[in-house]
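Quick look at model-v1.cif (mmCIF, C-alpha atoms):
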```
data_protein
loop_
_atom_site.label_atom_id
_atom_site.label_comp_id
_atom_site.auth_asym_id
_atom_site.auth_seq_id
_atom_site.Cartn_x
_atom_site.Cartn_y
_atom_site.Cartn_z
CA THR A 15 153.35 130.62 150.18
CA LEU A 16 149.93 128.93 149.85
CA PRO A 17 149.11 128.93 153.61
CA LEU A 18 150.02 132.62 153.94
CA ALA A 19 147.95 133.48 150.86
CA ASP A 20 144.96 131.56 152.22
CA ASP A 21 145.32 133.34 155.59
CA ALA A 22 145.16 136.70 153.85
CA LEU A 23 142.26 135.79 151.56
CA VAL A 24 140.08 134.33 154.30
CA LEU A 25 140.69 137.12 156.80
CA SER A 26 140.08 139.66 154.04
CA HIS A 27 136.66 138.17 153.42
CA ARG A 28 135.84 138.15 157.13
CA LEU A 29 136.74 141.83 157.47
CA GLY A 30 134.77 142.63 154.33
CA GLU A 31 131.67 141.29 156.06
CA TRP A 32 131.71 144.44 158.21
CA ALA A 33 130.77 146.60 155.21
CA GLY A 34 127.55 148.35 156.17
CA HIS A 35 127.69 146.99 159.73
CA ALA A 36 130.69 148.65 161.44
CA PRO A 37 129.90 150.68 164.58
CA VAL A 38 131.03 153.97 163.02
CA LEU A 39 131.67 155.07 159.44
CA GLU A 40 135.38 155.68 160.03
CA GLU A 41 135.83 152.09 161.16
CA GLU A 42 133.91 150.76 158.19
CA VAL A 43 136.45 152.50 155.94
CA ALA A 44 139.42 151.34 158.06
CA LEU A 45 138.33 147.69 158.10
CA ALA A 46 137.62 147.80 154.37
CA ASN A 47 141.11 149.17 153.72
CA ILE A 48 142.70 146.43 155.81
CA ALA A 49 140.60 143.87 153.94
CA LEU A 50 141.82 145.27 150.61
CA ASP A 51 145.44 145.17 151.80
CA LEU A 52 145.02 141.51 152.73
CA LEU A 53 143.34 140.72 149.43
CA GLY A 54 146.27 142.31 147.59
CA GLN A 55 148.70 140.24 149.65
CA ALA A 56 146.75 137.08 148.84
CA ARG A 57 146.85 137.83 145.11
CA SER A 58 150.60 138.49 145.18
CA LEU A 59 151.27 135.33 147.15
CA TYR A 60 149.08 133.24 144.84
CA ALA A 61 150.94 134.72 141.87
CA ALA A 62 154.22 133.59 143.44
CA LEU A 63 152.97 130.00 143.08
CA GLY A 64 152.98 130.30 139.29
CA ASP A 65 150.33 128.23 137.55
CA GLU A 66 150.65 125.05 139.59
CA LEU A 67 147.17 125.53 141.12
CA GLY A 68 145.60 127.48 138.27
CA SER A 69 144.60 131.14 138.02
CA GLU A 70 143.92 133.36 141.01
CA ASP A 71 140.17 132.94 140.53
CA GLU A 72 140.46 129.17 140.33
CA ILE A 73 142.55 129.06 143.50
CA ALA A 74 140.16 131.28 145.43
CA PHE A 75 136.78 130.19 144.12
CA LEU A 76 137.04 126.60 142.86
CA ARG A 77 138.91 124.79 145.61
CA GLU A 78 137.00 122.73 148.13
CA GLU A 79 137.19 123.37 151.87
CA ARG A 80 139.83 120.70 152.55
CA ALA A 81 142.18 122.28 149.98
CA PHE A 82 142.48 125.54 151.93
CA ARG A 83 145.51 125.82 154.21
CA ASN A 84 144.65 128.94 156.21
CA CYS A 85 145.01 128.95 159.97
CA GLN A 86 141.78 128.51 161.90
CA LEU A 87 142.18 131.91 163.58
CA ALA A 88 141.63 133.72 160.27
CA GLU A 89 138.33 131.97 159.58
CA GLN A 90 136.68 132.66 162.94
CA PRO A 91 133.42 134.64 162.65
CA ASN A 92 133.54 138.36 163.33
CA GLY A 93 131.44 138.23 166.49
CA ASP A 94 131.13 141.68 168.05
CA PHE A 95 133.56 144.51 167.31
CA ALA A 96 135.85 143.54 170.19
CA HIS A 97 136.05 139.99 168.84
CA THR A 98 137.13 141.27 165.42
CA ILE A 99 139.75 143.58 166.95
CA VAL A 100 141.31 140.86 169.12
CA ARG A 101 141.39 138.46 166.17
CA GLN A 102 143.19 141.14 164.15
CA LEU A 103 145.59 141.84 167.01
CA TYR A 104 146.54 138.18 167.39
CA PHE A 105 147.01 137.87 163.65
CA SER A 106 148.89 141.07 162.84
CA VAL A 107 151.25 140.88 165.83
CA CYS A 108 152.39 137.61 164.26
CA GLN A 109 152.36 138.73 160.64
CA GLU A 110 154.55 141.79 161.07
CA PRO A 111 157.67 139.96 162.36
CA LEU A 112 156.90 137.04 160.04
CA PHE A 113 157.07 139.26 156.96
CA ALA A 114 160.16 140.95 158.40
CA GLN A 115 161.91 137.57 158.41
CA LEU A 116 160.65 136.74 154.92
CA ALA A 117 161.39 140.10 153.29
CA PRO A 118 164.99 139.26 152.23
CA HIS A 119 163.78 136.12 150.42
CA LEU A 120 160.21 136.89 149.32
CA PRO A 121 159.67 140.12 147.33
CA VAL A 122 155.98 140.42 148.22
CA ALA A 123 156.83 140.35 151.94
CA GLU A 124 158.49 143.78 151.85
CA LYS A 125 155.31 145.56 150.73
CA ALA A 126 153.18 143.41 153.00
CA LEU A 127 155.38 144.37 155.95
CA SER A 128 154.53 148.06 155.69
CA GLU A 129 150.81 147.27 155.38
CA THR A 130 150.85 144.90 158.31
CA ALA A 131 152.52 147.51 160.52
CA TYR A 132 149.41 149.67 160.01
CA HIS A 133 147.09 146.70 160.68
CA ARG A 134 148.92 146.02 163.95
CA ASP A 135 148.81 149.66 165.00
CA HIS A 136 145.07 149.84 164.29
CA ALA A 137 144.38 146.70 166.31
CA GLU A 138 146.58 147.81 169.21
CA LEU A 139 144.92 151.23 169.48
CA TRP A 140 141.45 149.70 169.54
CA THR A 141 142.46 147.02 172.04
CA LEU A 142 143.73 149.73 174.36
CA ARG A 143 140.59 151.81 173.85
CA LEU A 144 138.24 148.89 174.48
CA GLY A 145 140.20 147.21 177.25
CA ASP A 146 140.66 150.43 179.19
CA GLY A 147 137.20 151.77 178.36
CA THR A 148 133.85 151.04 179.93
CA GLU A 149 133.10 148.03 182.06
CA GLU A 150 131.20 146.47 179.16
CA SER A 151 133.89 147.11 176.54
CA HIS A 152 136.52 145.65 178.88
CA ALA A 153 134.43 142.54 179.53
CA ARG A 154 133.71 141.99 175.82
CA THR A 155 137.39 142.36 174.91
CA GLN A 156 138.47 139.94 177.62
CA ARG A 157 135.89 137.39 176.46
CA ALA A 158 137.19 137.71 172.91
CA ALA A 159 140.79 137.28 174.06
CA ASP A 160 139.86 134.14 175.98
CA ALA A 161 137.72 132.66 173.19
CA LEU A 162 140.32 133.11 170.44
CA TRP A 163 143.36 132.12 172.47
CA ARG A 164 143.15 128.44 171.60
CA PHE A 165 143.56 129.22 167.90
CA THR A 166 146.81 131.18 168.26
CA GLY A 167 149.25 128.28 168.64
CA GLU A 168 148.72 127.29 165.02
CA LEU A 169 150.27 130.58 163.88
CA PHE A 170 153.67 129.14 164.80
CA GLU A 171 153.35 125.69 163.30
CA PRO A 172 156.27 125.46 160.82
CA ILE A 173 155.34 125.80 157.16
CA GLU A 174 157.51 123.72 154.87
CA GLY A 175 159.66 125.79 152.53
CA LEU A 176 159.56 129.04 154.53
CA ALA A 177 162.87 130.13 156.08
CA VAL A 178 161.45 131.32 159.39
CA ASP A 179 162.72 131.05 162.96
CA TRP A 180 159.39 129.94 164.40
CA GLU A 181 160.55 129.88 168.02
CA ALA A 182 161.81 133.46 167.81
CA LEU A 183 158.58 134.48 166.07
CA GLU A 184 156.47 132.96 168.83
CA ALA A 185 158.56 134.60 171.54
CA GLU A 186 158.20 138.02 169.88
CA TRP A 187 154.45 137.50 169.48
CA THR A 188 154.03 136.51 173.12
CA ALA A 189 155.96 139.56 174.29
CA GLY A 190 153.92 141.84 172.02
CA ILE A 191 150.55 140.49 173.13
CA THR A 192 151.57 140.60 176.79
CA ASP A 193 152.61 144.23 176.43
CA VAL A 194 149.39 145.33 174.74
CA PHE A 195 147.18 143.43 177.16
CA GLY A 196 149.08 144.86 180.12
CA ARG A 197 148.55 148.42 178.91
CA ALA A 198 144.89 147.69 178.16
CA GLY A 199 144.22 146.23 181.60
CA LEU A 200 143.46 142.83 180.12
CA THR A 201 144.56 139.44 181.42
CA VAL A 202 146.62 137.22 179.14
CA PRO A 203 144.68 133.93 178.86
CA GLN A 204 146.32 131.02 180.64
CA GLY A 205 144.83 128.13 178.69
CA PRO A 206 146.82 126.08 176.19
CA ARG A 207 147.28 127.44 172.68
CA ARG A 208 148.01 124.02 171.20
CA HIS A 209 145.78 121.14 172.09
CA GLY A 210 143.60 118.49 170.57
CA TRP A 211 142.52 118.76 166.98
CA THR A 212 143.07 122.52 166.72
CA ALA A 213 146.88 122.37 166.68
CA GLY A 214 147.91 122.86 163.07
CA SER A 215 144.61 121.56 161.72
CA GLY A 216 143.89 124.48 159.41
CA ARG A 217 147.27 124.03 157.76
CA GLN A 218 146.27 120.40 157.17
CA GLY A 219 142.95 121.34 155.58
CA LEU A 220 140.75 120.73 158.63
CA HIS A 221 138.58 123.72 159.44
CA THR A 222 135.97 124.85 161.94
CA GLU A 223 132.27 124.68 161.12
CA PRO A 224 131.79 128.41 160.31
CA PHE A 225 134.41 128.19 157.56
CA GLY A 226 132.21 126.02 155.32
CA ARG A 227 129.41 128.58 155.41
CA MET A 228 131.81 131.45 154.77
CA LEU A 229 133.38 129.63 151.83
CA ALA A 230 129.97 128.91 150.27
CA GLU A 231 129.12 132.60 150.42
CA MET A 232 132.51 133.68 149.08
CA GLN A 233 132.41 131.28 146.13
CA HIS A 234 128.70 131.48 145.28
CA LEU A 235 128.83 134.08 142.50
CA HIS A 236 131.81 132.58 140.68
CA ARG A 237 130.38 129.06 140.82
CA SER A 238 126.93 130.28 139.74
CA HIS A 239 128.32 131.93 136.60
CA PRO A 240 131.36 129.89 135.51
CA GLY A 241 133.50 131.63 132.93
CA ALA A 242 131.74 134.96 133.34
CA SER A 243 133.82 138.13 133.01
CA TRP A 244 133.18 141.79 133.75
#
```

Represent the structure from my file as structure tokens, please.
Amino acid sequence: TLPLADDALVLSHRLGEWAGHAPVLEEEVALANIALDLLGQARSLYAALGDELGSEDEIAFLREERAFRNCQLAEQPNGDFAHTIVRQLYFSVCQEPLFAQLAPHLPVAEKALSETAYHRDHAELWTLRLGDGTEESHARTQRAADALWRFTGELFEPIEGLAVDWEALEAEWTAGITDVFGRAGLTVPQGPRRHGWTAGSGRQGLHTEPFGRMLAEMQHLHRSHPGASW
């Protein structure tokens, strides 16, 4: 469960960066709630590992960059609001059927499934609103879809120990994204989703440049005051 936990932790932090910066107050609350859901999922998934990697705080705040196994999609910077929404759409359209497959075998997946259904619905509604909105909102959403497309193939790289039908998962994801983009008036990107060093690299501990800066910010307080407690 380590890669799934890292996905949730990293994306949670990215969404938390919108606090105080979201375009409207309602969205600041919505993104914060999604971030908290993901943080809760990360904690539950880390707990499922037992103590093999240490406490939750040690796993989150004391590992080096190469020890994280999150997909590169989750670590991508927020960009503008459309960029954040498309990143969330790509991620949650995968996570919902993934947790549905895992629910019979992984207790935390059942709760995560209901949360992820809301995350997907939120991302879909905003994709439709932005894609079918003004000329500028449409253009920004299409640019985000194109820019993030190359990171989506890694979502379906098999993770050892997880009983998942990855081909079926990818087919369901592709159908879901195609449907949403069609209704939003967006074009499904045609470029490859697996190529070069990006295919599976996050799962192997190789990350994009922005991740190092994000990790330094996320871990700064804990590393500055080791052993501190509230």

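Taking atom CA of A:Phe75 and atom CA of A:Pro240 as the two end points, the separation is 10.2 Å.
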
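Taking atom CA of A:Gly196 and atom CA of A:Thr166 as endpoints, the distance between them is 18.2 Å.
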
May I have the residues within 8 Å of A:Pro224 as a JSON list (two decimals) with C-alpha atoms, keeping the file's coordinate frame, using all atoms listed in the file and disregarding those fewer than 3 positions away in the same chain?
```json
[["chain", "number", "residue", "atom", "x", "y", "z"],
["A", 89, "GLU", "CA", 138.33, 131.97, 159.58],
["A", 90, "GLN", "CA", 136.68, 132.66, 162.94],
["A", 91, "PRO", "CA", 133.42, 134.64, 162.65],
["A", 227, "ARG", "CA", 129.41, 128.58, 155.41],
["A", 228, "MET", "CA", 131.81, 131.45, 154.77]]
```

**OP:** Just say which residues the PyMOL selection byres ((chain A and resi 113) around 8) picks in this file, as a ChimeraX atom specification.
**Re:** /A:109-112,114-117,123-124,126-127

Write out the residues from the selection above, keeping C-alpha atoms, as a tab-separated table (two decimals), keeping the file's coordinate frame.
```
chain	number	residue	atom	x	y	z
A	109	GLN	CA	152.36	138.73	160.64
A	110	GLU	CA	154.55	141.79	161.07
A	111	PRO	CA	157.67	139.96	162.36
A	112	LEU	CA	156.90	137.04	160.04
A	114	ALA	CA	160.16	140.95	158.40
A	115	GLN	CA	161.91	137.57	158.41
A	116	LEU	CA	160.65	136.74	154.92
A	117	ALA	CA	161.39	140.10	153.29
A	123	ALA	CA	156.83	140.35	151.94
A	124	GLU	CA	158.49	143.78	151.85
A	126	ALA	CA	153.18	143.41	153.00
A	127	LEU	CA	155.38	144.37	155.95
```

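Applied to this file, the PyMOL selection byres ((chain A and resi 105) around 9) selects Leu87, Ala88, Val100, Arg101, Gln102, Leu103, Tyr104, Ser106, Val107, Cys108, Gln109, Glu110, Arg134, Thr166 and Leu169 of chain A.
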
With C-alpha atoms retained, write the just-selected residues as a CSV table (one decimal), keeping the file's coordinate frame.
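Wrote it out as part-v8.csv, contents follow:
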```
chain,number,residue,atom,x,y,z
A,87,LEU,CA,142.2,131.9,163.6
A,88,ALA,CA,141.6,133.7,160.3
A,100,VAL,CA,141.3,140.9,169.1
A,101,ARG,CA,141.4,138.5,166.2
A,102,GLN,CA,143.2,141.1,164.2
A,103,LEU,CA,145.6,141.8,167.0
A,104,TYR,CA,146.5,138.2,167.4
A,106,SER,CA,148.9,141.1,162.8
A,107,VAL,CA,151.2,140.9,165.8
A,108,CYS,CA,152.4,137.6,164.3
A,109,GLN,CA,152.4,138.7,160.6
A,110,GLU,CA,154.6,141.8,161.1
A,134,ARG,CA,148.9,146.0,164.0
A,166,THR,CA,146.8,131.2,168.3
A,169,LEU,CA,150.3,130.6,163.9
```

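Counting only C-alpha atoms and comparing A:Arg77, A:Thr130, A:Glu31, A:Ala62, the residue that lies closest to A:Thr98 is A:Glu31.
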
**OP:** Extract, using all atoms listed in the file, all DNA, RNA and protein residues at most 12 Å from A:Phe170, discarding same-chain residues fewer than 3 positions from it, and format them as a ChimeraX atom specification.
**Re:** /A:18,85,87,104-105,108-109,111-112,165-167,173-174,176,178-188,207-208,213-214,217

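Atom CA of A:Val194 to atom CA of A:Pro37 spans 22.6 Å [interatomic distance, one decimal].
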